[in-house]
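Notes follow once the structure below has been shown.
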Amino acid sequence: MTSTLPTSAVGTHPLDPLTADEIAQAVEIVRTEKGLGETWRFANVVLQEPTKDVVLASERGGRCPPRQAFLVLLDNATGHTYEVIVDLTRTQVVAWQQIPGVQPRIMADEMAEGELAVKADPAFQAALAKRGLTVDQVMVDLWSVGHYGFADEEDVRLVRALIWFRETLTDNAYARSVDGLRVWVDLNQMRVWRLEDHTGAPLPPQPGNYAREYIPQWRTDLKPLEIRQPEGPSFMVEGWQVRWQKWQFRVGFTPREGLVLHQITYEDDGRPRSVLYRASLAEMVVPYGDPRAPHYRNNAFDVGEYGVGMLANSLKLGCDCLGEIYYFDATLADSRGRVTVIENAVCMHEEDYGILWKHTNGRINQVEVRRSRRLVVSFITTVDNYEYGIFWYFYQDGSIQFEAKLTGIVLTAAAEPEEQPKYGVLVAPQVNALVHQHFFGMRLDFDLDGVGNSIEEINTVAEPPGPENPQANAFYATTTLLKTEAEAQRLADAHAARYWRIINPNRANALGTPVAYRLIPGENVLPFAHPESSLMKRAGFLAKHLWVTPYDPAEQWPAGPYPNQHPGGEGLPQWTQANRSLVNTDLVVWYNFGHHHIPRPEDWPVMPVAYSGFWMKPDGFFDRNPALDVPPSTPAQSHCCHS
Ligand code: CO
């Protein structure tokens with residue numbers, strides 16, 4: 001069911017994403033003022049978010065900041081990149097700057113045009129013919145090339161093509177890699193830049209199909225399970241503002257990050273208390289472990305190189321949520337500056353989540369139990385073969401959970417008939433699913449009861465046996481203030497039950513201790529690539545699970561603003577060399593977590609969802625369990641079932 005609330009009001013809040021009219025206006029202003037011709041592409045058209053002090057001042061009754069658009073332009077004729085700010089209130093370009101030596105994100109249109117360019121290339125057609133294939137039988141995916149110091153790749157806007165065989169349009173092409181045929185595309189020229197035709201492994205023998213028309217028999221014992229919300233959902237939406245029980249936040253969306261959450265507050269004693277100012281997935285990196293060409297280049301920066309927002313699914317085409325759903329559309333620009341709308345890009349709904357809390361007082365046979373309800377805000381992005389569900393969960397006890405849901409199709413290579421791959425796993429005959437990792441880089445701009453925050457690390461230690469610990473059972477938690485950016489570069493440590501606490505040293509709870517939230521790691525891992533690898537130069541932020549910086553609006557992207565074809569060294573490792581103070585200041589917490597993926601046969605041909613994420617939980621932010629006031633549910637809502 002889809003609720004019929006209005007989708008979004010005209011930009012009334014400084015953090016509202018650009019409307020379709022604003023995008024069109026920004027493009028028109030810059031095009032006219034700068035006389036841009038047909039060779040120009042719009043790599044990014046997005047709200048220029050006002051800085052925090054300006055937003056907070058406007059909410060306190062100050063002046064409303066002007067609406068501004070931030071654009072990244074690429075001139076295919078020169079290969080030059082420009083950053084532009086357009087003031088929509090004054091209808092003029094207010095900043096125009098060439099950024100030397102960078103490549104903007106690969107645009108969705110470039111992907112589509114690039115596939116056609118490869119297929120139109122005579123040498124490519126000849127190489128296919130040698131294999132007994134035609135262009136109609138292949139699918140061409142374009143991947144970033146990375147940066148390996150090859151002189152001929154400098155200053156060329158390159159992608160490389162992965163070629164897949166499919167017998168029909170519904171065939172799973174990722175089952176049959178066309179091995180040995182390597183093609184690069186110059187995206188400025190939009191033509192094949194290099195073609196190498198090596199002897200490769202033959203096409204794997206079997207199709208790997210999963211679509212409904214290939215499944216001969218459904219299981220038959222599934223009874224209906226219906227979610228009914230006869231009075232509608234418990235949330236309210238006004239423009240981009242969401243209110244759900246005691247939670248309030250604003251939804252945003254960018255082509256790079258997809259879903260962004262702004263100004264998350266929890267109401268306590270009638271007063272909204274700030275938790276996070278801005279939260280998003282700011283980078284993703286997916287390195288593969290095969291050293292052979294071309295696989296060593298498989299290091300996808302899905303946020304910085306492709307833009308998970310631009311690649312978001314329209315959930316109109318098949319929604320994955322149950323119950324009363326509210327959708328936000330994503331209004332974006334394509335590479336020609338045309339407004340493009342991803343309808344139903346962000347899904348929001350409520351879920352029953354089992355028990356919130358319970359106690360049975362057996363002596364008087366009194367049971368107090370409350371059911372947990374959580375609010376889910378999510379989007380799903382398809383980056384070639386892989387799907388990522390990006391899910392935020394809000395709970396009634398003040399907890400926030402972030403969860404990435406990984407599904408889709410694992411990246412494969414064709415293997416020789418007798419080959420036992422070292423850097424991959426056979427998931428079907430001659431289908432080598434390559435080992436890889438998925439890293440998620442979160443940018444968490446905390447404002448815990450205000451902007452003056454600090455961060456602590458909590459480790460649990462075992463007391464040595466001795467007179468203080470005669471039964472050798474003792475353990476206790478230690479707290480260390482992380483005072484500087486250098487001190488706050490940390491790893492998760494399950495052996496120390498490590499977590500971090502963001503505190504506001506200026507605000508005490510009823511127990512007299514600073515109000516705080518915990519950041520609690522879930523599964524995690526480090527890259528296996530060595531420090532001297534291209535990956536670790538370009539994604540140096542992955543060397544640590546935690547980084548903390550003082551708020552600087554210019555510091556948004558952990559691997560730097562332009563990771564595509566970039567040699568690296570930018571982002572968190574660079575900024576934190578200043579070793580700024582983190583004590584009682586406005587903090588941005590960067591948490592990186594990794595999902596390690598040695599594929600299984602059961603991941604084939606389409607992967608059951610793998611879950612990975614972390615939690616943020618109040619820790620003395622409230623004076624007691626804040627969910628005591630959740631009412632008991634009525635027994636009539638469920639039935640007893642006796643066989
Ligand atoms: Co994977």
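Labels used: A, B, ... for chains in the order of the structure tokens, numbers from 1 for residues in each chain, and numbers from 1 for ligands as shown.
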With only C-alpha atoms as the counted atoms, please give the residues lying no more than 10 Å from Ile400 of chain A, apart from itself and same-chain residues fewer than 5 positions off, as a list in words.
Arg374, Leu375, Trp392, Tyr393, Phe394, Tyr395, Leu519, Phe614, Trp615, Met616, Lys617 and Pro618 of chain A
Using only C-alpha atoms and all ligand atoms, find each residue in chain A having at least one atom no more than 10 Å away from ligand 1; report its shortest atom-to-atom pair and that distance in Å (one decimal), rows by chain then rising number, as CSV.
residue,atom,partner,partner_atom_place_in_ligand_line,distance
A:Val286,CA,ligand 1,1 (Co),8.1
A:Pro287,CA,ligand 1,1 (Co),9.8
A:Tyr288,CA,ligand 1,1 (Co),9.5
A:Tyr386,CA,ligand 1,1 (Co),7.8
A:Glu387,CA,ligand 1,1 (Co),9.5
A:Tyr388,CA,ligand 1,1 (Co),9.9
A:Leu406,CA,ligand 1,1 (Co),6.9
A:Thr407,CA,ligand 1,1 (Co),7.7
A:Gly408,CA,ligand 1,1 (Co),8.9
A:Ile409,CA,ligand 1,1 (Co),8.4
A:Val410,CA,ligand 1,1 (Co),6.1
A:Leu411,CA,ligand 1,1 (Co),8.0
A:Ala433,CA,ligand 1,1 (Co),9.5
A:Leu434,CA,ligand 1,1 (Co),9.0
A:Val435,CA,ligand 1,1 (Co),7.9
A:His436,CA,ligand 1,1 (Co),6.3
A:Gln437,CA,ligand 1,1 (Co),6.3
A:His438,CA,ligand 1,1 (Co),6.3
A:His595,CA,ligand 1,1 (Co),7.6
A:His596,CA,ligand 1,1 (Co),7.3
A:His597,CA,ligand 1,1 (Co),5.0
A:Ile598,CA,ligand 1,1 (Co),7.7
A:Pro599,CA,ligand 1,1 (Co),7.2
A:Asp603,CA,ligand 1,1 (Co),9.1
A:Met607,CA,ligand 1,1 (Co),8.7
A:Val609,CA,ligand 1,1 (Co),9.9
A:Ala610,CA,ligand 1,1 (Co),8.4
So which residues touch Asn524 of chain A within 8 Å, counting only C-alpha atoms, skipping near sequence neighbours fewer than 5 positions away, as a PyMOL selection string?
chain A and resi 492+593-595
Got time to write the residues from that selection, C-alpha atoms, as a PDB file, in the first residue's frame?
ATOM      1  CA  ALA A 492      37.704  -2.196  16.478  1.00  0.00           C
ATOM      2  CA  PHE A 593      33.312  -1.203   8.554  1.00  0.00           C
ATOM      3  CA  GLY A 594      34.047  -4.082   6.257  1.00  0.00           C
ATOM      4  CA  HIS A 595      32.221  -7.170   5.121  1.00  0.00           C
TER       5      HIS A 595
END
Tell me which of A:Asp155, A:Glu468, A:Glu350, A:Glu213 sits closest to Thr78 of chain A, counting only C-alpha atoms.
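Of A:Asp155, A:Glu468, A:Glu350, A:Glu213, the one nearest Thr78 of chain A, counting only C-alpha atoms, is A:Asp155.
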Which parts of segment 336-428 of chain A does DSSP call strand (DSSP E) when run on the backbone here, written out as a compact mmCIF listing (two decimals) with C-alpha atoms, in the first residue's frame?
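Produced file out-v9.txt, reproduced below:
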# COMPACT_ATOMS: atom_id res chain seq x y z
CA VAL A 339 16.05 16.81 -14.71
CA THR A 340 15.64 13.14 -14.02
CA VAL A 341 13.38 11.79 -11.29
CA ILE A 342 13.89 8.44 -9.60
CA GLU A 343 10.35 7.82 -8.44
CA ASN A 344 10.03 6.14 -5.05
CA ALA A 345 13.77 6.19 -4.46
CA VAL A 346 13.55 6.25 -0.67
CA CYS A 347 11.20 3.91 1.17
CA MET A 348 9.96 4.55 4.70
CA HIS A 349 7.78 2.26 6.78
CA GLU A 350 7.31 0.76 10.22
CA GLU A 351 8.17 -2.78 11.25
CA ASP A 352 7.19 -4.88 14.20
CA TYR A 353 10.51 -5.95 15.71
CA GLY A 354 9.69 -8.50 18.37
CA ILE A 355 10.12 -7.69 22.04
CA LEU A 356 11.15 -4.22 23.18
CA TRP A 357 11.39 -5.21 26.86
CA LYS A 358 9.84 -7.75 29.25
CA HIS A 359 9.78 -8.98 32.80
CA THR A 360 7.72 -11.68 34.46
CA ASN A 361 7.23 -11.22 38.18
CA GLN A 366 2.52 -10.24 36.60
CA VAL A 367 3.95 -9.90 33.12
CA GLU A 368 4.99 -6.60 31.61
CA VAL A 369 5.98 -6.85 27.99
CA ARG A 370 6.14 -4.30 25.20
CA ARG A 371 6.50 -4.91 21.53
CA SER A 372 9.23 -3.10 19.65
CA ARG A 373 8.39 -1.03 16.61
CA ARG A 374 11.10 0.36 14.39
CA LEU A 375 11.04 2.96 11.65
CA VAL A 376 12.90 1.95 8.50
CA VAL A 377 14.28 4.49 6.04
CA SER A 378 16.10 2.94 3.10
CA PHE A 379 17.08 2.90 -0.52
CA ILE A 380 18.56 0.27 -2.80
CA THR A 381 21.24 0.89 -5.37
CA THR A 382 22.34 -1.33 -8.25
CA VAL A 383 25.99 -0.98 -9.23
CA TYR A 386 25.75 -5.92 -7.13
CA GLU A 387 22.85 -4.55 -5.07
CA TYR A 388 23.29 -2.58 -1.89
CA GLY A 389 20.37 -1.88 0.42
CA ILE A 390 21.19 1.08 2.62
CA PHE A 391 18.97 0.89 5.71
CA TRP A 392 18.61 3.18 8.70
CA TYR A 393 16.51 1.92 11.64
CA PHE A 394 15.13 4.06 14.44
CA TYR A 395 14.06 2.32 17.66
CA ILE A 400 19.79 3.95 15.73
CA GLN A 401 21.01 1.08 13.60
CA PHE A 402 22.68 1.27 10.20
CA GLU A 403 22.61 -1.82 8.06
CA ALA A 404 23.92 -2.49 4.58
CA LYS A 405 22.15 -5.34 2.82
CA LEU A 406 24.32 -6.93 0.16
CA THR A 407 22.73 -8.92 -2.61
CA GLY A 408 22.75 -9.24 -6.39
CA THR A 412 32.91 -13.91 -11.60
CA ALA A 413 35.66 -14.82 -14.01
CA ALA A 414 35.70 -17.75 -16.39
CA GLY A 424 38.22 -17.18 -5.87
CA VAL A 425 35.70 -19.94 -5.31
CA LEU A 426 34.03 -22.13 -7.90
CA VAL A 427 30.31 -21.47 -7.59
CA ALA A 428 29.34 -23.34 -10.77
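Excluding Ala77 of chain A itself and same-chain residues fewer than 2 positions from it, the residues having an atom within 9 Å of it are Thr39, Trp40, Leu74, Asp75, Gly79, His80, Asn188 and Gln189 of chain A, counting only C-alpha atoms.
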Pull C-alpha atoms from the residues just selected and write them as a JSON list (two decimals), in the first residue's frame.
[["chain", "number", "residue", "atom", "x", "y", "z"],
["A", 39, "THR", "CA", 30.63, 19.29, -25.23],
["A", 40, "TRP", "CA", 29.79, 20.03, -21.61],
["A", 74, "LEU", "CA", 33.19, 18.35, -17.40],
["A", 75, "ASP", "CA", 34.11, 19.69, -20.82],
["A", 79, "GLY", "CA", 38.85, 17.16, -20.44],
["A", 80, "HIS", "CA", 38.78, 19.96, -17.88],
["A", 188, "ASN", "CA", 35.76, 12.22, -23.51],
["A", 189, "GLN", "CA", 36.11, 10.90, -27.05]]
Interface rows for segment 405-446 of chain A against segment 261-280 of chain A: nearest pair, Å to one decimal, 7 Å, only C-alpha atoms, as a Markdown table:
| residue | atom | partner | partner_atom | distance |
| --- | --- | --- | --- | --- |
| A:Met442 | CA | A:Ser280 | CA | 5.9 |
| A:Arg443 | CA | A:Ser280 | CA | 5.6 |
| A:Leu444 | CA | A:Ala279 | CA | 4.7 |
| A:Asp445 | CA | A:Arg278 | CA | 5.1 |
| A:Phe446 | CA | A:Leu276 | CA | 4.2 |
Could you write out, as a list in words, all the residues of segment 399-564 of chain A that DSSP marks as helix (DSSP H, G or I)?
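Everything in segment 399-564 of chain A that counts as helix (DSSP H, G or I) is Ala494, His495, Ala496, Ser534, Leu535, Met536, Lys537, Arg538, Gly540, Phe541, Leu542 and Ala543 of chain A.
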Show me, as a compact mmCIF listing (two decimals) with N, CA, C and O atoms, in the first residue's frame, the residues that have an atom within 10 Å of Leu203 of chain A when counting only C-alpha atoms, minus same-chain residues fewer than 5 positions from it.
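That gives us around-v1.txt:
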# COMPACT_ATOMS: atom_id res chain seq x y z
N ARG A 131 35.48 -15.49 -31.54
CA ARG A 131 34.95 -16.38 -30.49
C ARG A 131 33.58 -16.95 -30.86
O ARG A 131 32.92 -17.58 -30.04
N TRP A 164 30.35 -9.73 -21.09
CA TRP A 164 29.58 -10.88 -20.59
C TRP A 164 28.72 -11.44 -21.71
O TRP A 164 28.14 -10.69 -22.49
N PHE A 165 28.60 -12.74 -21.73
CA PHE A 165 27.80 -13.41 -22.76
C PHE A 165 26.38 -13.70 -22.23
O PHE A 165 26.22 -14.17 -21.10
N ALA A 175 27.02 -14.95 -15.43
CA ALA A 175 27.46 -16.34 -15.33
C ALA A 175 28.58 -16.64 -16.33
O ALA A 175 29.32 -17.59 -16.15
N ARG A 176 28.67 -15.84 -17.41
CA ARG A 176 29.62 -16.21 -18.46
C ARG A 176 30.44 -15.01 -18.92
O ARG A 176 30.03 -14.24 -19.79
N SER A 177 31.57 -14.89 -18.26
CA SER A 177 32.51 -13.83 -18.59
C SER A 177 33.23 -14.19 -19.89
O SER A 177 33.67 -15.32 -20.07
N VAL A 178 33.30 -13.20 -20.79
CA VAL A 178 34.08 -13.40 -22.02
C VAL A 178 35.52 -13.07 -21.66
O VAL A 178 35.89 -11.91 -21.50
N ASP A 179 36.33 -14.11 -21.47
CA ASP A 179 37.67 -13.95 -20.90
C ASP A 179 38.67 -13.52 -21.98
O ASP A 179 38.54 -13.88 -23.15
N ALA A 413 34.77 -14.71 -12.85
CA ALA A 413 35.66 -14.82 -14.01
C ALA A 413 35.49 -16.24 -14.54
O ALA A 413 35.12 -17.15 -13.80
N ALA A 414 35.75 -16.41 -15.82
CA ALA A 414 35.70 -17.75 -16.39
C ALA A 414 36.97 -18.50 -15.98
O ALA A 414 38.06 -17.95 -16.01
N ALA A 415 36.81 -19.75 -15.55
CA ALA A 415 37.96 -20.58 -15.17
C ALA A 415 38.15 -21.67 -16.22
O ALA A 415 37.21 -22.07 -16.91
N GLU A 416 39.41 -22.14 -16.34
CA GLU A 416 39.68 -23.27 -17.24
C GLU A 416 38.98 -24.51 -16.67
O GLU A 416 38.74 -24.59 -15.46
N PRO A 417 38.68 -25.49 -17.54
CA PRO A 417 37.89 -26.65 -17.09
C PRO A 417 38.44 -27.35 -15.83
O PRO A 417 37.66 -27.74 -14.97
N GLN A 430 33.34 -23.99 -13.89
CA GLN A 430 34.16 -22.99 -14.58
C GLN A 430 33.72 -21.54 -14.30
O GLN A 430 34.03 -20.64 -15.06
N VAL A 431 33.02 -21.36 -13.20
CA VAL A 431 32.63 -20.01 -12.79
C VAL A 431 33.37 -19.69 -11.49
O VAL A 431 33.09 -20.29 -10.44
Using only C-alpha atoms, which residue out of A:Ile106, A:Leu546, A:Val285, A:Val118 lies closest to Arg41 of chain A?
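Among A:Ile106, A:Leu546, A:Val285, A:Val118, it is A:Ile106 that comes nearest to Arg41 of chain A.
A straight line drawn from atom CA of Ser234 of chain A to atom CA of Phe621 of chain A is 24.3 Å long.
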List every residue of segment 65-172 of chain A that has an atom at most 12 Å from any atom of segment 308-317 of chain A, giving for each one its closest atom pair and the distance in Å to one decimal, counting only C-alpha atoms, sorted by chain and then by ascending residue number, as a Markdown table.
| residue | atom | partner | partner_atom | distance |
| --- | --- | --- | --- | --- |
| A:Arg105 | CA | A:Met310 | CA | 10.6 |
| A:Ile106 | CA | A:Met310 | CA | 10.4 |
| A:Met107 | CA | A:Met310 | CA | 8.3 |
| A:Ala108 | CA | A:Met310 | CA | 7.3 |
| A:Asp109 | CA | A:Met310 | CA | 10.4 |
| A:Met111 | CA | A:Leu311 | CA | 11.2 |
What's the 9 Å shell around segment 100-104 of chain A, counting only C-alpha atoms, without same-chain residues fewer than 2 positions away, as a VMD selection string?
chain A and resid 43 to 44 72 to 74 79 to 82 98 106 to 107 154 to 157 304 to 305 561 to 566
Writing out the chosen residues with N, CA, C and O atoms as a tab-separated table (two decimals), in the first residue's frame:
chain	number	residue	atom	x	y	z
A	43	ALA	N	28.30	16.68	-14.29
A	43	ALA	CA	28.61	15.48	-13.51
A	43	ALA	C	27.87	15.48	-12.18
A	43	ALA	O	27.67	14.43	-11.57
A	44	ASN	N	27.47	16.66	-11.74
A	44	ASN	CA	26.83	16.75	-10.42
A	44	ASN	C	26.05	18.06	-10.36
A	44	ASN	O	26.58	19.11	-10.73
A	72	VAL	N	29.33	20.21	-10.65
A	72	VAL	CA	30.62	19.80	-11.21
A	72	VAL	C	30.40	19.60	-12.70
A	72	VAL	O	29.50	18.86	-13.12
A	73	LEU	N	31.20	20.30	-13.50
A	73	LEU	CA	31.07	20.25	-14.95
A	73	LEU	C	32.31	19.62	-15.56
A	73	LEU	O	33.42	19.79	-15.05
A	74	LEU	N	32.09	18.92	-16.65
A	74	LEU	CA	33.19	18.35	-17.40
A	74	LEU	C	33.04	18.79	-18.85
A	74	LEU	O	31.98	18.61	-19.45
A	79	GLY	N	38.63	18.05	-21.58
A	79	GLY	CA	38.85	17.16	-20.44
A	79	GLY	C	38.95	17.90	-19.12
A	79	GLY	O	39.30	17.30	-18.10
A	80	HIS	N	38.65	19.18	-19.10
A	80	HIS	CA	38.78	19.96	-17.88
A	80	HIS	C	37.53	19.86	-17.00
A	80	HIS	O	36.41	19.78	-17.50
A	81	THR	N	37.76	19.91	-15.71
A	81	THR	CA	36.70	19.80	-14.71
A	81	THR	C	36.55	21.14	-13.99
A	81	THR	O	37.55	21.79	-13.67
A	82	TYR	N	35.31	21.50	-13.73
A	82	TYR	CA	35.03	22.78	-13.07
A	82	TYR	C	34.06	22.57	-11.92
A	82	TYR	O	33.12	21.78	-12.02
A	98	GLN	N	38.27	26.03	-12.12
A	98	GLN	CA	38.77	24.80	-12.74
A	98	GLN	C	39.55	24.01	-11.70
A	98	GLN	O	40.33	24.57	-10.93
A	106	ILE	N	32.05	8.80	-12.71
A	106	ILE	CA	31.56	8.25	-13.98
A	106	ILE	C	30.04	8.42	-13.99
A	106	ILE	O	29.35	7.99	-13.08
A	107	MET	N	29.55	9.08	-15.03
A	107	MET	CA	28.12	9.41	-15.08
A	107	MET	C	27.32	8.27	-15.69
A	107	MET	O	27.82	7.53	-16.54
A	154	GLU	N	47.42	8.77	-17.86
A	154	GLU	CA	47.28	10.09	-17.22
A	154	GLU	C	46.48	11.00	-18.14
A	154	GLU	O	46.67	11.00	-19.35
A	155	ASP	N	45.60	11.77	-17.54
A	155	ASP	CA	44.83	12.80	-18.27
A	155	ASP	C	43.90	12.25	-19.35
A	155	ASP	O	43.42	13.00	-20.19
A	156	VAL	N	43.70	10.95	-19.40
A	156	VAL	CA	42.68	10.38	-20.30
A	156	VAL	C	41.52	9.95	-19.41
A	156	VAL	O	41.75	9.31	-18.38
A	157	ARG	N	40.31	10.30	-19.79
A	157	ARG	CA	39.16	9.90	-18.98
A	157	ARG	C	38.76	8.48	-19.39
A	157	ARG	O	38.12	8.27	-20.42
A	304	GLY	N	32.14	7.36	-4.53
A	304	GLY	CA	32.95	8.42	-5.12
A	304	GLY	C	33.17	8.28	-6.62
A	304	GLY	O	33.36	9.27	-7.31
A	305	GLU	N	33.19	7.06	-7.14
A	305	GLU	CA	33.44	6.86	-8.57
A	305	GLU	C	32.15	6.72	-9.38
A	305	GLU	O	32.16	6.98	-10.58
A	561	PRO	N	37.50	14.32	-2.72
A	561	PRO	CA	36.32	14.61	-3.53
A	561	PRO	C	36.30	13.90	-4.88
A	561	PRO	O	35.22	13.68	-5.44
A	562	TYR	N	37.48	13.55	-5.43
A	562	TYR	CA	37.51	12.98	-6.80
A	562	TYR	C	38.33	11.69	-6.83
A	562	TYR	O	39.44	11.67	-7.38
A	563	PRO	N	37.84	10.61	-6.25
A	563	PRO	CA	38.66	9.38	-6.23
A	563	PRO	C	38.84	8.73	-7.61
A	563	PRO	O	39.78	7.95	-7.77
A	564	ASN	N	38.00	9.05	-8.58
A	564	ASN	CA	38.09	8.41	-9.89
A	564	ASN	C	39.45	8.70	-10.54
A	564	ASN	O	39.78	9.86	-10.79
A	565	GLN	N	40.23	7.66	-10.82
A	565	GLN	CA	41.56	7.73	-11.45
A	565	GLN	C	42.56	8.56	-10.63
A	565	GLN	O	43.57	9.03	-11.16
A	566	HIS	N	42.27	8.74	-9.36
A	566	HIS	CA	43.12	9.60	-8.53
A	566	HIS	C	44.26	8.79	-7.91
A	566	HIS	O	44.04	7.66	-7.48
Compile the contact shell of Arg63 of chain A as a PyMOL selection string: residues with an atom at most 12 Å away, counting only C-alpha atoms, same-chain residues fewer than 4 positions apart removed.
chain A and resi 13-14+53-59
Convert the current residue selection to file output with C-alpha atoms, as a tab-separated table (two decimals), in the first residue's frame.
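File out_28.tsv, as written:
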chain	number	residue	atom	x	y	z
A	13	HIS	CA	14.10	24.48	4.68
A	14	PRO	CA	17.76	25.26	3.95
A	53	ASP	CA	26.24	27.81	11.75
A	54	VAL	CA	24.10	29.36	9.01
A	55	VAL	CA	21.44	26.65	9.25
A	56	LEU	CA	21.30	26.79	13.04
A	57	ALA	CA	21.17	30.61	13.00
A	58	SER	CA	18.28	30.58	10.50
A	59	GLU	CA	16.38	28.16	12.73
Just checking: using only C-alpha atoms, which residue out of A:Gly452, A:Gly560, A:Pro467, A:Gly613 ends up closest to Pro573 of chain A?
A:Gly560
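Between Leu187 of chain A and the candidates A:Tyr551, A:Tyr591, A:Phe301, A:Trp143, the tightest atom-to-atom separation, counting only C-alpha atoms, involves A:Trp143.
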